[in-house]
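> Please find one structure pasted underneath; my questions will follow.
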Amino acid sequence: MAFHLMQRDRNGAEKLAGALSDALQAVHHCVQCNNFTESKICELCTSERRDARLLCVIESPADLLMMEQTHAYRGLYFVLMGRLSPLDGIGPQEIRLDRLLDRASNGLTEEVILATNFTAEGEATAHAISELLRPKGLKVTRIARGVPVGGELEYVDSGTLAQALLERRPVSR
């Protein structure tokens with residue numbers, strides 16, 4: 001992309017660079033859900049239409065967009081911005097598990113839906129989160145495996161993802 005813009009559309013490259021620079025200044029993490037936003041708290045977290053009893057844990061903003069496209073979920077989110085991967089040096093601190101625990105323990109949340117990817121790292125992340133939340137007395141569920149094993153949410157069609165969400169079940173030990 002960079003070569004194409006430099007060779008054929010230098011004006012477009014300049015506009016893109018400006019837009020990226022502006023985004024870096026204006027966009028930050030929502031203090032509640034950790035998603036990207038230009039406000040202190042994002043629109044989803046402030047919406048009165050969302051069910052505050054449900055908290056869906058996902059790996060990335062792209063996964064949030066896929067969940068929203070299903071029109072099957074009306075709760076709130078927590079975006080990890082990654083997944084546990086000790087080999088890559090990504091532990092609980094890097095994916096903000098402390099903030100997730102605070103959010104889930106807010107007195108409003110009744111169910112935490114784990115919607116991490118069905119990769120080895122996503123499964124390990126879901127397991128670790130369920131172990132942290134179970135002592136808090138929260139219902140912890142995992143989206144159903146309508147999503148292909150090894151698949152990533154942003155590449156799954158919305159019908160399959162909607163079905164997986166509707167057929168979620170408790171996390172087994």
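We label chains A, B, ... in the order they appear in the structure tokens, count residues from 1 in each chain, and number ligands from 1 in the order shown.
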Got a sec: who's within 12 Å of Gln93 of chain A, counting only C-alpha atoms, leaving out chain neighbours fewer than 5 positions off, as a PDB file with N, CA, C and O atoms, in the first residue's frame?


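Contents of result.pdb, freshly written:
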ATOM      1  N   LEU A  80     -10.209  -7.134  25.224  1.00  0.00           N
ATOM      2  CA  LEU A  80      -8.916  -7.469  25.809  1.00  0.00           C
ATOM      3  C   LEU A  80      -7.742  -6.825  25.067  1.00  0.00           C
ATOM      4  O   LEU A  80      -6.671  -6.637  25.630  1.00  0.00           O
ATOM      5  N   MET A  81      -7.913  -6.539  23.794  1.00  0.00           N
ATOM      6  CA  MET A  81      -6.830  -6.039  22.939  1.00  0.00           C
ATOM      7  C   MET A  81      -5.711  -7.067  22.826  1.00  0.00           C
ATOM      8  O   MET A  81      -4.542  -6.733  22.755  1.00  0.00           O
ATOM      9  N   GLY A  82      -6.106  -8.334  22.804  1.00  0.00           N
ATOM     10  CA  GLY A  82      -5.133  -9.405  22.656  1.00  0.00           C
ATOM     11  C   GLY A  82      -5.632 -10.661  23.338  1.00  0.00           C
ATOM     12  O   GLY A  82      -6.804 -10.803  23.666  1.00  0.00           O
ATOM     13  N   ARG A  83      -4.699 -11.571  23.572  1.00  0.00           N
ATOM     14  CA  ARG A  83      -5.005 -12.838  24.243  1.00  0.00           C
ATOM     15  C   ARG A  83      -3.727 -13.293  24.931  1.00  0.00           C
ATOM     16  O   ARG A  83      -2.625 -12.877  24.559  1.00  0.00           O
ATOM     17  N   LEU A  84      -3.883 -14.122  25.945  1.00  0.00           N
ATOM     18  CA  LEU A  84      -2.717 -14.637  26.651  1.00  0.00           C
ATOM     19  C   LEU A  84      -1.838 -15.423  25.689  1.00  0.00           C
ATOM     20  O   LEU A  84      -2.330 -16.247  24.920  1.00  0.00           O
ATOM     21  N   SER A  85      -0.559 -15.154  25.725  1.00  0.00           N
ATOM     22  CA  SER A  85       0.397 -15.858  24.886  1.00  0.00           C
ATOM     23  C   SER A  85       1.774 -15.746  25.541  1.00  0.00           C
ATOM     24  O   SER A  85       2.572 -14.877  25.185  1.00  0.00           O
ATOM     25  N   PRO A  86       2.033 -16.626  26.522  1.00  0.00           N
ATOM     26  CA  PRO A  86       3.302 -16.532  27.248  1.00  0.00           C
ATOM     27  C   PRO A  86       4.530 -16.576  26.347  1.00  0.00           C
ATOM     28  O   PRO A  86       5.525 -15.901  26.634  1.00  0.00           O
ATOM     29  N   ASP A  98      -6.960  -7.249  35.117  1.00  0.00           N
ATOM     30  CA  ASP A  98      -7.338  -6.544  36.336  1.00  0.00           C
ATOM     31  C   ASP A  98      -8.531  -5.624  36.085  1.00  0.00           C
ATOM     32  O   ASP A  98      -9.469  -5.571  36.892  1.00  0.00           O
ATOM     33  N   ARG A  99      -8.527  -4.928  34.953  1.00  0.00           N
ATOM     34  CA  ARG A  99      -9.653  -4.040  34.606  1.00  0.00           C
ATOM     35  C   ARG A  99     -10.907  -4.846  34.299  1.00  0.00           C
ATOM     36  O   ARG A  99     -12.012  -4.431  34.631  1.00  0.00           O
ATOM     37  N   LEU A 100     -10.740  -6.012  33.657  1.00  0.00           N
ATOM     38  CA  LEU A 100     -11.881  -6.882  33.392  1.00  0.00           C
ATOM     39  C   LEU A 100     -12.509  -7.334  34.701  1.00  0.00           C
ATOM     40  O   LEU A 100     -13.739  -7.300  34.849  1.00  0.00           O
ATOM     41  N   LEU A 101     -11.701  -7.742  35.673  1.00  0.00           N
ATOM     42  CA  LEU A 101     -12.237  -8.175  36.971  1.00  0.00           C
ATOM     43  C   LEU A 101     -12.997  -7.046  37.656  1.00  0.00           C
ATOM     44  O   LEU A 101     -14.069  -7.276  38.230  1.00  0.00           O
TER      45      LEU A 101
END

> Show which residues sit within 7 Å of segment 33-43 of chain A, as an MDAnalysis selection string. Count only C-alpha atoms, and ignore same-chain residues fewer than 4 positions away.

chainID A and resid 26:29 47 61 77:79

> Can you work out the spacing between atom CA of Asp102 of chain A and atom CA of Leu55 of chain A in Å, to one decimal?

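Pair atom CA of Asp102 of chain A / atom CA of Leu55 of chain A returns 12.0 Å.
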
> Could you jot down the atom CA of Leu153 of chain A to atom CA of Leu114 of chain A separation for me, Å, one decimal place?

12.2 Å

> So, counting only C-alpha atoms, which residue among A:Ala115, A:Ala62, A:Arg50, A:Glu110 is closest to Leu133 of chain A?

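Of A:Ala115, A:Ala62, A:Arg50, A:Glu110, the one nearest Leu133 of chain A, counting only C-alpha atoms, is A:Glu110.
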
> Just to confirm, what's the straight-line distance from atom CA of Ala162 of chain A to atom CA of Pro135 of chain A in Å (one decimal)?

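Computed distance, atom CA of Ala162 of chain A to atom CA of Pro135 of chain A, equals 28.7 Å.
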